[in-house]
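Enquirer: My structure file final_13.txt, compact mmCIF, C-alpha atoms and all ligand atoms, is below:
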```txt
# COMPACT_ATOMS: atom_id res chain seq x y z
CA MET T 1 12.57 -27.46 25.70
CA PHE T 2 12.98 -31.10 24.69
CA ASN T 3 12.57 -33.71 27.34
CA GLU T 4 14.75 -35.50 29.80
CA THR T 5 14.18 -38.97 28.33
CA ASN T 6 16.35 -37.66 25.53
CA TYR T 7 20.00 -36.59 25.48
CA VAL T 8 19.25 -32.90 24.89
CA ASP T 9 20.00 -31.94 28.52
CA SER T 10 23.37 -33.71 28.38
CA VAL T 11 24.37 -31.79 25.26
CA ASN T 12 23.24 -28.51 26.86
CA ASN T 13 25.14 -29.32 30.08
CA ALA T 14 28.35 -30.11 28.18
CA PHE T 15 27.94 -26.81 26.32
CA TYR T 16 27.33 -24.74 29.50
CA PHE T 17 30.23 -26.48 31.24
CA ILE T 18 32.65 -25.59 28.43
CA VAL T 19 31.34 -22.01 28.18
CA ALA T 20 31.72 -21.53 31.97
CA ILE T 21 35.32 -22.80 32.00
CA SER T 22 36.21 -20.73 28.93
CA THR T 23 34.71 -17.59 30.47
CA VAL T 24 36.64 -18.00 33.73
CA LEU T 25 39.89 -18.66 31.82
CA LEU T 26 39.32 -15.64 29.58
CA ILE T 27 38.89 -13.37 32.61
CA VAL T 28 41.91 -14.80 34.48
CA VAL T 29 44.22 -14.65 31.44
CA THR T 30 43.14 -11.11 30.50
CA PHE T 31 43.70 -9.75 34.01
CA LEU T 32 47.06 -11.52 34.42
CA MET T 33 48.18 -10.18 31.05
CA LEU T 34 47.26 -6.60 31.97
CA TYR T 35 48.88 -7.00 35.40
CA PHE T 36 52.16 -8.29 33.92
CA VAL T 37 52.23 -5.53 31.32
CA TRP T 38 51.97 -3.07 34.18
CA LYS T 39 54.34 -4.84 36.60
CA TYR T 40 57.12 -5.69 34.15
CA SER T 41 57.14 -2.50 32.12
CA ALA T 42 60.62 -1.05 31.46
CA LYS T 43 59.89 1.73 33.94
CA ARG T 44 59.20 -0.58 36.93
CA ASN T 45 61.45 -3.47 35.92
CA PRO T 46 64.39 -2.10 33.90
CA LYS T 47 66.51 -5.29 34.20
CA ALA T 48 65.06 -8.61 32.91
CA THR T 49 65.42 -11.76 35.07
CA ASN T 50 66.24 -15.14 33.57
CA ILE T 51 63.94 -17.80 35.13
CA GLU T 52 65.16 -21.42 34.83
CA GLY T 53 61.89 -23.15 35.68
CA ASN T 54 59.30 -23.73 38.38
CA MET T 55 58.25 -27.30 39.13
CA THR T 56 55.13 -26.35 41.13
CA LEU T 57 53.81 -24.09 38.37
CA GLU T 58 54.57 -26.63 35.66
CA VAL T 59 52.75 -29.43 37.50
CA LEU T 60 49.79 -27.12 38.16
CA TRP T 61 49.40 -25.99 34.55
CA THR T 62 49.55 -29.60 33.39
CA VAL T 63 47.22 -31.17 35.96
CA ILE T 64 44.52 -28.47 36.09
CA PRO T 65 43.91 -28.42 32.30
CA LEU T 66 43.92 -32.24 32.30
CA ILE T 67 41.12 -32.26 34.89
CA LEU T 68 39.16 -29.58 32.99
CA VAL T 69 39.46 -31.37 29.65
CA GLY T 70 38.57 -34.68 31.37
CA GLY T 71 35.41 -32.99 32.70
CA MET T 72 34.48 -31.78 29.20
CA PHE T 73 34.97 -35.31 27.86
CA TRP T 74 32.84 -36.79 30.66
CA TYR T 75 29.90 -34.43 30.07
CA GLY T 76 30.13 -35.04 26.33
CA TYR T 77 30.36 -38.80 26.77
CA LEU T 78 27.22 -38.93 28.97
CA GLY T 79 25.15 -37.48 26.11
CA TYR T 80 26.90 -39.51 23.44
CA GLU T 81 26.15 -42.78 25.22
CA ILE T 82 22.41 -42.04 25.34
CA SER T 83 22.39 -40.82 21.72
CA ALA T 84 24.06 -44.06 20.59
CA THR T 85 21.36 -46.28 22.17
CA PRO T 86 17.94 -45.91 20.50
CA PRO T 87 14.98 -47.24 22.56
CA GLU T 88 13.56 -50.63 21.44
CA ASN T 89 10.19 -49.15 20.46
CA SER T 90 11.67 -46.51 18.12
CA MET T 91 9.97 -45.79 14.83
CA VAL T 92 12.58 -46.23 12.06
CA VAL T 93 13.07 -43.80 9.17
CA THR T 94 15.79 -44.17 6.56
CA VAL T 95 17.40 -40.84 5.71
CA THR T 96 19.15 -40.58 2.37
CA GLY T 97 21.50 -37.69 1.69
CA GLN T 98 22.64 -36.81 -1.81
CA MET T 99 23.91 -33.72 -3.57
CA TRP T 100 21.91 -31.62 -2.60
CA LYS T 101 18.77 -32.88 -0.92
CA TRP T 102 17.40 -35.15 1.78
CA ASN T 103 14.93 -38.01 1.35
CA PHE T 104 13.03 -39.92 4.01
CA GLU T 105 11.63 -43.43 3.73
CA TYR T 106 9.27 -44.78 6.38
CA GLU T 107 8.70 -48.38 7.49
CA ASN T 108 5.65 -48.70 5.26
CA GLY T 109 7.52 -47.53 2.14
CA ILE T 110 6.25 -43.94 2.05
CA LYS T 111 8.88 -41.49 0.76
CA THR T 112 9.00 -37.76 1.47
CA ASP T 113 11.41 -34.84 1.21
CA THR T 114 10.30 -33.45 4.60
CA LEU T 115 10.56 -35.53 7.77
CA TYR T 116 7.19 -36.11 9.49
CA VAL T 117 7.14 -37.58 12.99
CA PRO T 118 4.63 -37.97 15.82
CA VAL T 119 5.28 -36.14 19.09
CA ASN T 120 6.59 -37.97 22.21
CA LYS T 121 7.74 -41.00 20.30
CA PRO T 122 11.35 -42.11 19.81
CA VAL T 123 12.46 -41.98 16.18
CA LYS T 124 15.56 -43.80 14.96
CA LEU T 125 17.14 -42.44 11.81
CA ASP T 126 19.28 -44.73 9.64
CA LEU T 127 21.61 -42.45 7.70
CA VAL T 128 22.70 -43.33 4.17
CA SER T 129 24.56 -41.30 1.54
CA LEU T 130 24.28 -41.92 -2.19
CA ASP T 131 27.40 -39.94 -3.10
CA VAL T 132 29.73 -37.93 -0.84
CA ASN T 133 29.98 -37.17 2.87
CA HIS T 134 27.08 -35.19 4.33
CA SER T 135 26.06 -34.47 7.90
CA PHE T 136 22.48 -34.58 9.19
CA TYR T 137 22.00 -31.64 11.51
CA VAL T 138 18.92 -30.65 13.54
CA PRO T 139 20.03 -27.82 15.85
CA VAL T 140 16.87 -27.81 17.98
CA PHE T 141 17.25 -31.53 18.82
CA ARG T 142 20.95 -30.99 19.56
CA PHE T 143 22.26 -33.59 17.16
CA LYS T 144 24.47 -33.74 14.14
CA ARG T 145 25.73 -36.97 12.64
CA ASP T 146 27.83 -37.82 9.60
CA VAL T 147 26.04 -39.36 6.61
CA LEU T 148 28.64 -41.41 4.76
CA PRO T 149 28.60 -43.40 1.50
CA ASN T 150 30.54 -46.37 2.91
CA LYS T 151 29.24 -46.62 6.47
CA ASN T 152 25.66 -46.59 7.83
CA ASN T 153 25.37 -44.33 10.87
CA SER T 154 22.25 -43.84 12.92
CA ILE T 155 20.87 -41.43 15.51
CA TRP T 156 17.63 -41.17 17.47
CA PHE T 157 15.59 -38.40 19.04
CA GLN T 158 12.28 -37.89 20.81
CA PRO T 159 10.54 -34.56 20.23
CA ASP T 160 8.13 -33.35 22.94
CA GLN T 161 6.87 -30.26 21.15
CA ILE T 162 4.66 -29.76 18.11
CA GLY T 163 6.19 -27.66 15.36
CA SER T 164 8.38 -27.41 12.31
CA PHE T 165 12.16 -27.30 12.76
CA ASP T 166 15.18 -26.83 10.47
CA ILE T 167 17.29 -29.66 9.11
CA ALA T 168 20.61 -28.73 7.49
CA CYS T 169 23.64 -30.39 5.98
CA ALA T 170 26.66 -29.68 8.18
CA GLU T 171 29.39 -31.14 5.99
CA TYR T 172 30.51 -29.18 2.95
CA CYS T 173 29.42 -31.34 0.01
CA GLY T 174 29.61 -29.19 -3.13
CA THR T 175 28.14 -26.20 -4.95
CA ASP T 176 24.63 -26.28 -3.46
CA HIS T 177 25.60 -27.43 0.04
CA TRP T 178 24.37 -24.07 1.38
CA ASN T 179 20.87 -24.89 0.14
CA MET T 180 20.61 -28.44 1.48
CA TYR T 181 17.84 -27.57 3.92
CA THR T 182 14.57 -29.23 4.80
CA LYS T 183 12.26 -29.46 7.82
CA VAL T 184 11.22 -31.93 10.47
CA VAL T 185 7.50 -31.57 11.20
CA VAL T 186 6.39 -32.83 14.62
CA MET T 187 2.66 -33.64 14.81
CA GLU T 188 0.10 -34.94 17.28
CA GLN T 189 -0.20 -38.71 16.99
CA LYS T 190 -3.72 -38.46 15.53
CA ASP T 191 -2.58 -35.97 12.87
CA TYR T 192 0.33 -38.22 12.06
CA ASP T 193 -2.03 -41.22 11.68
CA THR T 194 -4.25 -39.16 9.38
CA TRP T 195 -1.23 -38.13 7.32
CA ILE T 196 -0.05 -41.74 7.02
CA ALA T 197 -3.58 -42.78 6.01
CA LEU T 198 -3.68 -40.12 3.30
CA MET T 199 -0.23 -41.08 2.02
CA THR T 200 -1.04 -44.80 1.86
CA ALA T 201 -4.60 -44.44 0.56
CA PRO T 202 -5.16 -46.08 -2.83
CA VAL T 203 -6.22 -43.80 -5.67
CA VAL T 204 -10.00 -43.60 -5.35
CA ASP T 205 -12.98 -41.98 -7.00
CA GLU T 206 -12.76 -38.24 -6.39
CA THR T 207 -16.27 -38.08 -4.95
CA GLU T 208 -15.30 -40.32 -2.03
CA PRO T 209 -13.60 -38.71 0.98
CA LEU T 210 -9.99 -39.93 1.09
CA ILE T 211 -9.79 -40.83 4.76
CA GLN T 212 -12.96 -42.94 4.78
CA ALA T 213 -11.80 -44.74 1.68
CA ASP T 214 -8.96 -46.30 3.59
CA THR T 215 -9.86 -48.03 6.82
CA THR T 216 -7.83 -51.22 6.37
CA ASN T 217 -4.23 -50.15 6.00
CA GLY T 218 -4.44 -46.64 7.36
CA LYS T 219 -2.34 -47.24 10.48
CA PRO T 220 1.41 -47.00 10.79
CA ASN T 221 3.23 -50.31 11.17
CA ASN T 222 3.93 -50.02 14.87
CU CU U 301 25.59 -32.15 2.10
```
Show me this structure written as structure tokens.
Expert:
Amino acid sequence: MFNETNYVDSVNNAFYFIVAISTVLLIVVTFLMLYFVWKYSAKRNPKATNIEGNMTLEVLWTVIPLILVGGMFWYGYLGYEISATPPENSMVVTVTGQMWKWNFEYENGIKTDTLYVPVNKPVKLDLVSLDVNHSFYVPVFRFKRDVLPNKNNSIWFQPDQIGSFDIACAEYCGTDHWNMYTKVVVMEQKDYDTWIALMTAPVVDETEPLIQADTTNGKPNN
């Protein structure tokens, strides 16, 4: 759904990889368990055997999980590396988390409580907390990053679809944590430019149309 210049595919692949391994293991373990219950029941196996150890088995059940977990790490790391490197031409928005709301400040000083971004453009988010630990979570963009009072994290994303998507706080931060929701609104570039123009327009006579009143500073900074 979101494009390959982003890290969304890597996150999805890591997820599918882990689900596939877990499913196979679940099936194998369940069948073995049922088989052993049947085979070693008191009726078929009245006298228990004391097994000292089995080197081959022990090596196998150490090495195979190590390879599987290494694979999970590798898939996860591929996505993490991309997510940690915002493109040079990213638009920068400062995200401030506080109990219990989000605020967004754009390069030209505009402040909003909903995040507005143009489509197909990389957006870098600088994450700041005014009080306790929060976590900025946008499920549809496949990212979640801690927002901490003593350390400035950042994350970037590039939406390729118009729409309005949920933002949540994913770190329990107090009484109204459950309600710390807002939206990211992805718009066509021209709609975004119009929005910026409206937001930056000086207060004018009500008879004048707002957009025409502002032709000098109506463009975003980059
Ligand atoms: Cu929070």
Enquirer: Can you pull out the residues contacting stretch 134-141 of chain T? Cut-off 7 Å, using only C-alpha atoms, and skip same-chain residues under 2 positions away; I want them as JSON, numbers by chain.
Expert: {"T": [8, 97, 132, 143, 144, 145, 146, 147, 148, 166, 167, 168, 169, 170, 171, 173]}
Enquirer: Store the residues picked out above, limited to C-alpha atoms, as a PDB file, in the frame of the given file.
Expert:
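Dumped to selection_0.pdb:
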```
ATOM      1  CA  VAL T   8      19.250 -32.900  24.890  1.00  0.00           C
ATOM      2  CA  GLY T  97      21.500 -37.690   1.690  1.00  0.00           C
ATOM      3  CA  VAL T 132      29.730 -37.930  -0.840  1.00  0.00           C
ATOM      4  CA  PHE T 143      22.260 -33.590  17.160  1.00  0.00           C
ATOM      5  CA  LYS T 144      24.470 -33.740  14.140  1.00  0.00           C
ATOM      6  CA  ARG T 145      25.730 -36.970  12.640  1.00  0.00           C
ATOM      7  CA  ASP T 146      27.830 -37.820   9.600  1.00  0.00           C
ATOM      8  CA  VAL T 147      26.040 -39.360   6.610  1.00  0.00           C
ATOM      9  CA  LEU T 148      28.640 -41.410   4.760  1.00  0.00           C
ATOM     10  CA  ASP T 166      15.180 -26.830  10.470  1.00  0.00           C
ATOM     11  CA  ILE T 167      17.290 -29.660   9.110  1.00  0.00           C
ATOM     12  CA  ALA T 168      20.610 -28.730   7.490  1.00  0.00           C
ATOM     13  CA  CYS T 169      23.640 -30.390   5.980  1.00  0.00           C
ATOM     14  CA  ALA T 170      26.660 -29.680   8.180  1.00  0.00           C
ATOM     15  CA  GLU T 171      29.390 -31.140   5.990  1.00  0.00           C
ATOM     16  CA  CYS T 173      29.420 -31.340   0.010  1.00  0.00           C
TER      17      CYS T 173
END
```
Enquirer: Would you kindly identify which residues have an atom no farther than 12 Å from (9.8, -29.3, 13.3), using all atoms listed in the file and the file's own coordinates, and write them out as a list in words?
Expert: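 Those residues lying close to the given coordinates are Phe2, Thr114, Leu115, Tyr116, Val117, Pro118, Val119, Val138, Pro139, Val140, Phe141, Gln158, Pro159, Asp160, Gln161, Ile162, Gly163, Ser164, Phe165, Asp166, Ile167, Thr182, Lys183, Val184, Val185, Val186, Met187 and Glu188 of chain T.
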Enquirer: Using the file's own x, y and z axes, so that the box edges lie along x, y and z, what centre and edge lengths in Å (one decimal) does a box around every listed atom of stretch 73-87 of chain T get when 5 Å is added on each side? Give it as AutoDock Vina command-line options.
Expert:
```
--center_x 25.0 --center_y -40.8 --center_z 25.6 --size_x 30.0 --size_y 22.8 --size_z 20.2
```
Enquirer: Counting all atoms listed in the file, figure out which residue out of T:Pro202, T:Pro122, T:Gly53, T:Gly174 gets nearest to T:Pro86.
Expert: T:Pro122
Enquirer: Given the point (14.6, -33.3, -0.9) in the coordinates of this file, which residues lie within 8 Å, counting only C-alpha atoms, and how would they look as a list of chain:residue names?
Expert: T:Trp100, T:Lys101, T:Trp102, T:Asn103, T:Thr112, T:Asp113, T:Thr114, T:Thr182
Enquirer: Go through T:Ala14, T:Val128, T:Ile155, T:Ala197 one by one, measure the shortest atom-to-atom distance of each to ligand CU 301 (chain U) using all atoms listed in the file, and give the residue with the smallest value.
Expert: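 The shortest atom-to-atom distance to ligand CU 301 (chain U) comes from T:Val128.
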Enquirer: For T:Thr94, which residue out of T:Thr200, T:Thr62, T:Asn179, T:Ser154 is the nearest one, using only C-alpha atoms?
Expert: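 The shortest atom-to-atom distance to T:Thr94 comes from T:Ser154.
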Enquirer: Residues near stretch 23-27 of chain T, anyone? I mean within 12 Å using only C-alpha atoms, not counting same-chain ones fewer than 6 positions away, as a ChimeraX atom specification.
Expert: /T:16-17,33-34,64-65,68
Enquirer: Rounded to one decimal in Å, what is the spacing between atom CA of T:Leu78 and atom CA of T:Phe15?
Expert: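 One can read the atom CA of T:Leu78 to atom CA of T:Phe15 distance as 12.4 Å.
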Enquirer: Figure out the distance between atom CA of T:Val11 and atom CA of T:Trp61, please, to one decimal in Å.
Expert: 27.3 Å
Enquirer: Hey, can you check how far atom CA of T:Val28 sits from atom CA of T:Met72?
Expert: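 Going from atom CA of T:Val28 over to atom CA of T:Met72, I get 19.3 Å.
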